[in-house]
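S.K.: Structure: data_19.pdb, PDB, C-alpha atoms.
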ATOM      1  CA  MET A  32       4.743  -5.811  17.501
ATOM      2  CA  PHE A  33       4.314  -2.365  18.966
ATOM      3  CA  PRO A  34       3.190  -1.480  21.547
ATOM      4  CA  GLY A  35       3.654  -4.693  23.473
ATOM      5  CA  THR A  36       1.662  -4.258  26.686
ATOM      6  CA  HIS A  37      -0.540  -1.179  26.316
ATOM      7  CA  ASP A  38      -2.238   0.909  23.642
ATOM      8  CA  ILE A  39      -1.345   4.139  21.900
ATOM      9  CA  THR A  40      -3.395   6.839  23.608
ATOM     10  CA  PRO A  41      -3.334  10.641  23.641
ATOM     11  CA  ASP A  42      -1.512  10.481  26.988
ATOM     12  CA  ASN A  43       1.377   8.342  25.749
ATOM     13  CA  PHE A  44       1.386   9.231  22.051
ATOM     14  CA  GLU A  45       4.575  11.296  22.005
ATOM     15  CA  ALA A  46       6.587   8.586  23.762
ATOM     16  CA  CYS A  47       5.118   5.862  21.508
ATOM     17  CA  PHE A  48       5.755   7.922  18.384
ATOM     18  CA  THR A  49       9.389   8.529  19.383
ATOM     19  CA  VAL A  50       9.992   4.810  19.917
ATOM     20  CA  LEU A  51       8.181   3.883  16.712
ATOM     21  CA  LYS A  52      10.319   6.316  14.680
ATOM     22  CA  LYS A  53      13.508   4.915  16.209
ATOM     23  CA  LEU A  54      12.442   1.343  15.442
ATOM     24  CA  LEU A  55      11.725   2.242  11.828
ATOM     25  CA  LYS A  56      14.840   4.383  11.281
ATOM     26  CA  VAL A  57      17.132   1.416  11.972
ATOM     27  CA  GLY A  58      15.282  -0.780   9.485
ATOM     28  CA  ASN A  59      12.814  -2.746  11.598
ATOM     29  CA  ARG A  60       9.493  -3.909  10.232
ATOM     30  CA  VAL A  61       6.821  -3.021  12.780
ATOM     31  CA  LEU A  62       3.356  -4.378  13.439
ATOM     32  CA  VAL A  63       1.375  -1.612  15.162
ATOM     33  CA  VAL A  64      -1.488  -3.088  17.192
ATOM     34  CA  SER A  65      -4.063  -0.676  18.551
ATOM     35  CA  LYS A  66      -7.650   0.163  19.356
ATOM     36  CA  PRO A  67      -7.099   3.029  16.942
ATOM     37  CA  ARG A  68      -7.861   6.656  17.564
ATOM     38  CA  LEU A  69      -8.279   8.455  14.244
ATOM     39  CA  LYS A  70      -6.288  11.555  15.208
ATOM     40  CA  LEU A  71      -3.295   9.473  16.329
ATOM     41  CA  ILE A  72      -3.339   7.080  13.365
ATOM     42  CA  THR A  73      -3.602  10.049  10.995
ATOM     43  CA  LYS A  74      -0.503  11.561  12.582
ATOM     44  CA  ILE A  75       1.432   8.297  12.336
ATOM     45  CA  CYS A  76       0.426   7.770   8.699
ATOM     46  CA  ASP A  77       1.177  11.346   7.651
ATOM     47  CA  GLN A  78       4.519  11.635   9.433
ATOM     48  CA  LEU A  79       5.898   8.156   8.749
ATOM     49  CA  LYS A  80       4.954   7.756   5.082
ATOM     50  CA  ASP A  81       8.623   7.157   4.189
ATOM     51  CA  TYR A  82       8.381   3.920   6.206
ATOM     52  CA  LYS A  83       5.102   2.743   4.682
ATOM     53  CA  ASN A  84       6.636  -0.525   3.492
ATOM     54  CA  HIS A  85       7.873  -1.299   7.000
ATOM     55  CA  LEU A  86       4.580  -0.786   8.818
ATOM     56  CA  LEU A  87       1.555  -3.022   9.183
ATOM     57  CA  PHE A  88      -1.418  -1.782  11.186
ATOM     58  CA  ARG A  89      -3.560  -4.335  13.031
ATOM     59  CA  PHE A  90      -6.589  -2.663  14.566
ATOM     60  CA  THR A  91      -8.595  -4.350  17.290
ATOM     61  CA  ILE A  92     -12.306  -4.133  16.484
ATOM     62  CA  GLY A  93     -14.304  -6.740  18.430
ATOM     63  CA  SER A  94     -17.780  -5.462  17.586
ATOM     64  CA  SER A  95     -19.641  -2.788  15.639
ATOM     65  CA  ASN A  96     -21.924  -2.236  18.630
ATOM     66  CA  ASN A  97     -20.709   0.708  20.721
ATOM     67  CA  LYS A  98     -22.634  -0.442  23.784
ATOM     68  CA  ILE A  99     -20.749  -3.748  23.733
ATOM     69  CA  LEU A 100     -17.409  -2.049  23.009
ATOM     70  CA  SER A 101     -17.783   0.447  25.847
ATOM     71  CA  PHE A 102     -18.724  -2.319  28.272
ATOM     72  CA  TRP A 103     -15.661  -4.460  27.521
ATOM     73  CA  GLU A 104     -13.251  -1.670  26.631
ATOM     74  CA  PRO A 105     -14.110   1.408  28.713
ATOM     75  CA  ASN A 106     -12.682   4.672  27.352
ATOM     76  CA  ALA A 107     -11.618   3.030  24.079
ATOM     77  CA  PRO A 108     -12.649   4.517  20.722
ATOM     78  CA  THR A 109     -16.079   3.920  19.192
ATOM     79  CA  TYR A 110     -16.636   1.578  16.285
ATOM     80  CA  ASP A 111     -16.962   4.462  13.823
ATOM     81  CA  GLU A 112     -13.665   5.990  14.954
ATOM     82  CA  ARG A 113     -11.863   2.664  14.656
ATOM     83  CA  LYS A 114     -13.311   2.074  11.190
ATOM     84  CA  GLU A 115     -12.336   5.586  10.076
ATOM     85  CA  ALA A 116      -8.762   5.003  11.287
ATOM     86  CA  LEU A 117      -8.673   1.731   9.327
ATOM     87  CA  LYS A 118      -9.984   3.484   6.221
ATOM     88  CA  TYR A 119      -7.443   6.289   6.597
ATOM     89  CA  ALA A 120      -4.458   3.944   6.894
ATOM     90  CA  HIS A 121      -5.719   1.833   3.977
ATOM     91  CA  ARG A 122      -6.281   4.842   1.701
ATOM     92  CA  ALA A 123      -2.845   6.192   2.661
ATOM     93  CA  GLY A 124      -1.340   3.009   1.213
ATOM     94  CA  TYR A 125      -0.394   1.173   4.413
ATOM     95  CA  ARG A 126      -0.846  -2.538   4.973
ATOM     96  CA  THR A 127      -3.913  -3.026   7.132
ATOM     97  CA  SER A 128      -5.268  -5.848   9.242
ATOM     98  CA  VAL A 129      -8.093  -6.277  11.745
ATOM     99  CA  SER A 130      -8.129  -8.354  14.897
ATOM    100  CA  ILE A 131     -11.613  -9.372  15.993
ATOM    101  CA  GLU A 132     -10.105 -10.862  19.124
ATOM    102  CA  PRO A 133     -11.912 -11.242  21.281
ATOM    103  CA  MET A 134     -15.051 -11.529  19.207
ATOM    104  CA  LEU A 135     -17.476  -9.606  21.420
ATOM    105  CA  ASP A 136     -20.621  -9.904  19.291
ATOM    106  CA  ALA A 137     -20.692 -13.359  17.681
ATOM    107  CA  ASP A 138     -24.256 -12.939  16.397
ATOM    108  CA  ASN A 139     -23.104 -10.137  14.082
ATOM    109  CA  ILE A 140     -19.632 -11.344  13.100
ATOM    110  CA  GLU A 141     -20.382 -11.744   9.382
ATOM    111  CA  ALA A 142     -21.734  -8.206   9.099
ATOM    112  CA  LEU A 143     -18.678  -6.864  10.931
ATOM    113  CA  VAL A 144     -16.274  -8.681   8.601
ATOM    114  CA  ASP A 145     -18.246  -7.542   5.534
ATOM    115  CA  ASP A 146     -18.152  -3.933   6.748
ATOM    116  CA  LEU A 147     -14.399  -3.889   7.399
ATOM    117  CA  ALA A 148     -13.071  -6.151   4.624
ATOM    118  CA  PRO A 149     -12.946  -3.452   1.908
ATOM    119  CA  PHE A 150     -10.319  -1.607   3.989
ATOM    120  CA  VAL A 151      -8.143  -4.624   4.807
ATOM    121  CA  ASN A 152      -5.324  -5.653   2.496
ATOM    122  CA  HIS A 153      -3.522  -8.081   4.802
ATOM    123  CA  SER A 154      -5.628 -10.236   7.158
ATOM    124  CA  ILE A 155      -8.609 -10.439   9.468
ATOM    125  CA  TRP A 156      -8.138 -12.438  12.662
ATOM    126  CA  ILE A 157     -11.138 -13.793  14.540
ATOM    127  CA  GLY A 158     -10.856 -15.323  17.997
ATOM    128  CA  ILE A 159     -12.829 -16.014  21.123
ATOM    129  CA  MET A 160     -12.375 -14.520  24.559
ATOM    130  CA  ASN A 161      -9.429 -16.068  26.375
ATOM    131  CA  HIS A 162     -10.620 -15.365  29.898
ATOM    132  CA  PRO A 163     -13.582 -17.624  30.742
ATOM    133  CA  TRP A 164     -13.280 -16.610  34.397
ATOM    134  CA  TYR A 165     -14.971 -13.353  33.358
ATOM    135  CA  PHE A 166     -18.136 -15.449  33.570
ATOM    136  CA  ASP A 167     -17.273 -17.491  36.675
ATOM    137  CA  THR A 168     -20.440 -16.854  38.666
ATOM    138  CA  GLY A 169     -19.077 -18.764  41.647
ATOM    139  CA  GLU A 170     -15.909 -16.671  41.389
ATOM    140  CA  THR A 171     -13.763 -19.760  42.062
ATOM    141  CA  ALA A 172     -11.170 -18.915  39.384
ATOM    142  CA  VAL A 173     -11.147 -15.171  39.988
ATOM    143  CA  LYS A 174      -7.814 -14.067  41.437
ATOM    144  CA  THR A 175      -8.166 -10.311  41.969
ATOM    145  CA  GLU A 176     -10.638  -7.715  43.170
ATOM    146  CA  ALA A 177     -10.690  -6.277  39.646
ATOM    147  CA  GLY A 178     -11.683  -9.740  38.397
ATOM    148  CA  ARG A 179     -14.510  -9.973  40.922
ATOM    149  CA  GLN A 180     -15.764  -6.581  39.770
ATOM    150  CA  ARG A 181     -15.643  -7.747  36.131
ATOM    151  CA  VAL A 182     -17.723 -10.846  36.992
ATOM    152  CA  LYS A 183     -20.273  -8.691  38.846
ATOM    153  CA  ARG A 184     -20.524  -6.310  35.878
ATOM    154  CA  ASN A 185     -21.039  -9.235  33.510
ATOM    155  CA  LYS A 186     -23.796 -10.695  35.692
ATOM    156  CA  LYS A 187     -25.536  -7.330  35.817
ATOM    157  CA  TYR A 188     -25.141  -6.707  32.084
ATOM    158  CA  TYR A 189     -25.948 -10.163  30.691
ATOM    159  CA  GLY A 190     -28.088 -11.586  33.482
ATOM    160  CA  GLU A 191     -27.230 -14.513  35.755
ATOM    161  CA  LYS A 192     -28.731 -17.208  33.497
ATOM    162  CA  ARG A 193     -26.930 -16.080  30.339
ATOM    163  CA  VAL A 194     -23.601 -15.686  32.148
ATOM    164  CA  LYS A 195     -23.808 -19.187  33.620
ATOM    165  CA  GLY A 196     -24.487 -20.676  30.177
ATOM    166  CA  SER A 197     -21.670 -18.801  28.471
ATOM    167  CA  HIS A 198     -18.810 -20.771  29.984
ATOM    168  CA  ARG A 199     -20.080 -24.336  29.883
ATOM    169  CA  LYS A 200     -17.786 -26.814  28.210
ATOM    170  CA  LYS A 201     -18.876 -27.889  24.770
ATOM    171  CA  LYS A 202     -19.501 -31.546  24.034
ATOM    172  CA  GLU A 203     -16.678 -33.344  22.335
ATOM    173  CA  TYR A 204     -17.611 -35.629  19.467
TER     174      TYR A 204
END
Turn the structure described in the file into structure tokens.
M.R.:
Amino acid sequence: MFPGTHDITPDNFEACFTVLKKLLKVGNRVLVVSKPRLKLITKICDQLKDYKNHLLFRFTIGSSNNKILSFWEPNAPTYDERKEALKYAHRAGYRTSVSIEPMLDADNIEALVDDLAPFVNHSIWIGIMNHPWYFDTGETAVKTEAGRQRVKRNKKYYGEKRVKGSHRKKKEY
């Protein structure tokens, strides 16, 4: 999987591209995971077409709603840009996958899958948010100042009542 702990952005593209080329040149199969930027994915697809059979793109697209995306992923690409990058890679003959993890807009998940599925030839992953402390209104599980700020933003965005209800344990049957 590449990159392992960050995303491919305009600021780090050259370094990422150099590493990606080196990984592919020695015969590795690489899963590229990204909140894709069309310009960067286009460059990767166009310049690494000889390694098409060794690359799988998995694009993170948690919602089709740009307001939701920008709240949870500030400075990340819009839905339309991510979808266009997916379409480009698919049409260029690469293996394509989508990760709807975390699922940021559960009410519209079926429409999102339906919209993206024509450009996916590998898999679509769907998963819930792994950090329930984002909604810890008492802030008992929050460990950092950044976490406290995230909780405050969530309360402001969703409202206190909705935030409190979002992290209750479900009944077990």
S.K.: For a quick check of understanding, using all atoms listed in the file, which of A:Leu71, A:Ala46, A:Lys118, A:Phe88 has the smallest distance to A:His153?
M.R.: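 Selected residue with least distance to A:His153: A:Phe88.
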S.K.: Find the residue from A:Val144, A:Gly158, A:Asp136, A:Phe102 that sits nearest to A:Arg181; use only C-alpha atoms when measuring.
M.R.: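 Closest to A:Arg181, using only C-alpha atoms: A:Phe102.
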S.K.: Any chance you could work out the residue set of the PyMOL selection byres ((chain A and resi 120) around 12) here, as a PyMOL selection string?
M.R.: chain A and resi 63+67-77+79-80+83+86-90+113-119+121-129+150-152
S.K.: A:Leu54, A:Ile92, A:Ile159, A:Ile39: which is nearest A:Leu147, counting only C-alpha atoms?
M.R.: A:Ile92
S.K.: Between atom CA of A:Ile131 and atom CA of A:Leu143, what is the spacing in Å?
M.R.: 9.0 Å
S.K.: Identify, on the basis of only C-alpha atoms, every residue whose closest approach to A:His85 does not exceed 8 Å; exclude the query and any residue fewer than 2 positions from it along the same chain; express the result as a list in words.
M.R.: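 Near neighbours after the sequence-gap exclusion: Leu55, Gly58, Asn59, Arg60, Val61, Tyr82, Lys83 and Leu87 of chain A.
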S.K.: Choose the residue, out of A:Asp42, A:Asn84, A:Lys66, A:Ser130, that has the smallest atom-to-atom separation from A:Pro105; count all atoms listed in the file.
M.R.: A:Lys66
S.K.: Using all atoms listed in the file, which residues sit within 7 Å of A:Glu132 once same-chain residues fewer than 3 positions away are excluded, as a PDB file with C-alpha atoms, in the frame of the given file?
M.R.:
ATOM      1  CA  THR A  91      -8.595  -4.350  17.290  1.00  0.00           C
ATOM      2  CA  GLY A  93     -14.304  -6.740  18.430  1.00  0.00           C
ATOM      3  CA  TRP A 156      -8.138 -12.438  12.662  1.00  0.00           C
ATOM      4  CA  ILE A 157     -11.138 -13.793  14.540  1.00  0.00           C
ATOM      5  CA  GLY A 158     -10.856 -15.323  17.997  1.00  0.00           C
ATOM      6  CA  ILE A 159     -12.829 -16.014  21.123  1.00  0.00           C
ATOM      7  CA  MET A 160     -12.375 -14.520  24.559  1.00  0.00           C
TER       8      MET A 160
END
S.K.: Which is closest to A:Ile99 among A:Pro41, A:Ile140, A:Leu135, A:Asp146, if we use only C-alpha atoms?
M.R.: A:Leu135
S.K.: Excluding A:Phe33 and any residue of its chain fewer than 4 positions from it, enumerate the residues within 9 Å of it, using only C-alpha atoms, and give them as a list in words.
M.R.: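 With the cut-off at 9 Å, the set is His37, Asp38, Cys47, Leu51, Val61, Leu62, Val63, Val64 and Ser65 of chain A.
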S.K.: Would you export the selected residues with C-alpha atoms as a compact mmCIF listing (two decimals), keeping the file's coordinate frame, please?
M.R.:
# COMPACT_ATOMS: atom_id res chain seq x y z
CA HIS A 37 -0.54 -1.18 26.32
CA ASP A 38 -2.24 0.91 23.64
CA CYS A 47 5.12 5.86 21.51
CA LEU A 51 8.18 3.88 16.71
CA VAL A 61 6.82 -3.02 12.78
CA LEU A 62 3.36 -4.38 13.44
CA VAL A 63 1.38 -1.61 15.16
CA VAL A 64 -1.49 -3.09 17.19
CA SER A 65 -4.06 -0.68 18.55
S.K.: Which distance in Å separates atom CA of A:Lys98 and atom CA of A:Glu141, to one decimal?
M.R.: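 Atom-to-atom, atom CA of A:Lys98 to atom CA of A:Glu141, that is 18.4 Å.
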S.K.: Report, in Å with one decimal, the straight-line distance from atom CA of A:Ala148 to atom CA of A:Asp111.
M.R.: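 Interatomic distance here is 14.6 Å.
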S.K.: Please return stretch 119-142 of chain A, rebuilt to N, CA and C atoms, as a PDB file, in the coordinates of the input.
M.R.:
ATOM      1  N   TYR A 119      -8.490   5.296   6.837  1.00  0.00           N
ATOM      2  CA  TYR A 119      -7.443   6.289   6.597  1.00  0.00           C
ATOM      3  C   TYR A 119      -6.111   5.608   6.277  1.00  0.00           C
ATOM      4  N   ALA A 120      -5.726   4.650   7.105  1.00  0.00           N
ATOM      5  CA  ALA A 120      -4.458   3.944   6.894  1.00  0.00           C
ATOM      6  C   ALA A 120      -4.470   3.203   5.556  1.00  0.00           C
ATOM      7  N   HIS A 121      -5.585   2.577   5.234  1.00  0.00           N
ATOM      8  CA  HIS A 121      -5.719   1.833   3.977  1.00  0.00           C
ATOM      9  C   HIS A 121      -5.586   2.776   2.783  1.00  0.00           C
ATOM     10  N   ARG A 122      -6.321   3.878   2.813  1.00  0.00           N
ATOM     11  CA  ARG A 122      -6.281   4.842   1.701  1.00  0.00           C
ATOM     12  C   ARG A 122      -4.917   5.510   1.572  1.00  0.00           C
ATOM     13  N   ALA A 123      -4.185   5.598   2.693  1.00  0.00           N
ATOM     14  CA  ALA A 123      -2.845   6.192   2.661  1.00  0.00           C
ATOM     15  C   ALA A 123      -1.808   5.204   2.126  1.00  0.00           C
ATOM     16  N   GLY A 124      -2.231   3.980   1.828  1.00  0.00           N
ATOM     17  CA  GLY A 124      -1.340   3.009   1.213  1.00  0.00           C
ATOM     18  C   GLY A 124      -0.599   2.092   2.171  1.00  0.00           C
ATOM     19  N   TYR A 125      -1.022   2.061   3.430  1.00  0.00           N
ATOM     20  CA  TYR A 125      -0.394   1.173   4.413  1.00  0.00           C
ATOM     21  C   TYR A 125      -1.024  -0.208   4.350  1.00  0.00           C
ATOM     22  N   ARG A 126      -0.277  -1.204   4.814  1.00  0.00           N
ATOM     23  CA  ARG A 126      -0.846  -2.538   4.973  1.00  0.00           C
ATOM     24  C   ARG A 126      -1.744  -2.501   6.204  1.00  0.00           C
ATOM     25  N   THR A 127      -2.921  -3.095   6.059  1.00  0.00           N
ATOM     26  CA  THR A 127      -3.913  -3.026   7.132  1.00  0.00           C
ATOM     27  C   THR A 127      -4.470  -4.404   7.454  1.00  0.00           C
ATOM     28  N   SER A 128      -4.765  -4.589   8.718  1.00  0.00           N
ATOM     29  CA  SER A 128      -5.268  -5.848   9.242  1.00  0.00           C
ATOM     30  C   SER A 128      -6.236  -5.528  10.376  1.00  0.00           C
ATOM     31  N   VAL A 129      -7.144  -6.449  10.641  1.00  0.00           N
ATOM     32  CA  VAL A 129      -8.093  -6.277  11.745  1.00  0.00           C
ATOM     33  C   VAL A 129      -8.032  -7.512  12.633  1.00  0.00           C
ATOM     34  N   SER A 130      -8.040  -7.276  13.923  1.00  0.00           N
ATOM     35  CA  SER A 130      -8.129  -8.354  14.897  1.00  0.00           C
ATOM     36  C   SER A 130      -9.488  -8.274  15.578  1.00  0.00           C
ATOM     37  N   ILE A 131     -10.319  -9.256  15.314  1.00  0.00           N
ATOM     38  CA  ILE A 131     -11.613  -9.372  15.993  1.00  0.00           C
ATOM     39  C   ILE A 131     -11.394 -10.389  17.104  1.00  0.00           C
ATOM     40  N   GLU A 132     -10.504 -10.015  18.005  1.00  0.00           N
ATOM     41  CA  GLU A 132     -10.105 -10.862  19.124  1.00  0.00           C
ATOM     42  C   GLU A 132     -10.063 -10.000  20.379  1.00  0.00           C
ATOM     43  N   PRO A 133     -10.888 -10.208  21.314  1.00  0.00           N
ATOM     44  CA  PRO A 133     -11.912 -11.242  21.281  1.00  0.00           C
ATOM     45  C   PRO A 133     -13.129 -10.783  20.482  1.00  0.00           C
ATOM     46  N   MET A 134     -13.805 -11.755  19.914  1.00  0.00           N
ATOM     47  CA  MET A 134     -15.051 -11.529  19.207  1.00  0.00           C
ATOM     48  C   MET A 134     -16.095 -11.243  20.289  1.00  0.00           C
ATOM     49  N   LEU A 135     -16.578 -10.022  20.340  1.00  0.00           N
ATOM     50  CA  LEU A 135     -17.476  -9.606  21.420  1.00  0.00           C
ATOM     51  C   LEU A 135     -18.951  -9.691  21.043  1.00  0.00           C
ATOM     52  N   ASP A 136     -19.237  -9.915  19.766  1.00  0.00           N
ATOM     53  CA  ASP A 136     -20.621  -9.904  19.291  1.00  0.00           C
ATOM     54  C   ASP A 136     -20.777 -10.979  18.206  1.00  0.00           C
ATOM     55  N   ALA A 137     -20.709 -12.236  18.624  1.00  0.00           N
ATOM     56  CA  ALA A 137     -20.692 -13.359  17.681  1.00  0.00           C
ATOM     57  C   ALA A 137     -21.907 -13.379  16.754  1.00  0.00           C
ATOM     58  N   ASP A 138     -23.051 -12.914  17.229  1.00  0.00           N
ATOM     59  CA  ASP A 138     -24.256 -12.939  16.397  1.00  0.00           C
ATOM     60  C   ASP A 138     -24.137 -12.052  15.157  1.00  0.00           C
ATOM     61  N   ASN A 139     -23.230 -11.086  15.191  1.00  0.00           N
ATOM     62  CA  ASN A 139     -23.104 -10.137  14.082  1.00  0.00           C
ATOM     63  C   ASN A 139     -21.716 -10.153  13.441  1.00  0.00           C
ATOM     64  N   ILE A 140     -21.013 -11.264  13.577  1.00  0.00           N
ATOM     65  CA  ILE A 140     -19.632 -11.344  13.100  1.00  0.00           C
ATOM     66  C   ILE A 140     -19.535 -11.211  11.576  1.00  0.00           C
ATOM     67  N   GLU A 141     -20.447 -11.818  10.847  1.00  0.00           N
ATOM     68  CA  GLU A 141     -20.382 -11.744   9.382  1.00  0.00           C
ATOM     69  C   GLU A 141     -20.572 -10.318   8.893  1.00  0.00           C
ATOM     70  N   ALA A 142     -21.503  -9.599   9.492  1.00  0.00           N
ATOM     71  CA  ALA A 142     -21.734  -8.206   9.099  1.00  0.00           C
ATOM     72  C   ALA A 142     -20.514  -7.343   9.424  1.00  0.00           C
TER      73      ALA A 142
END
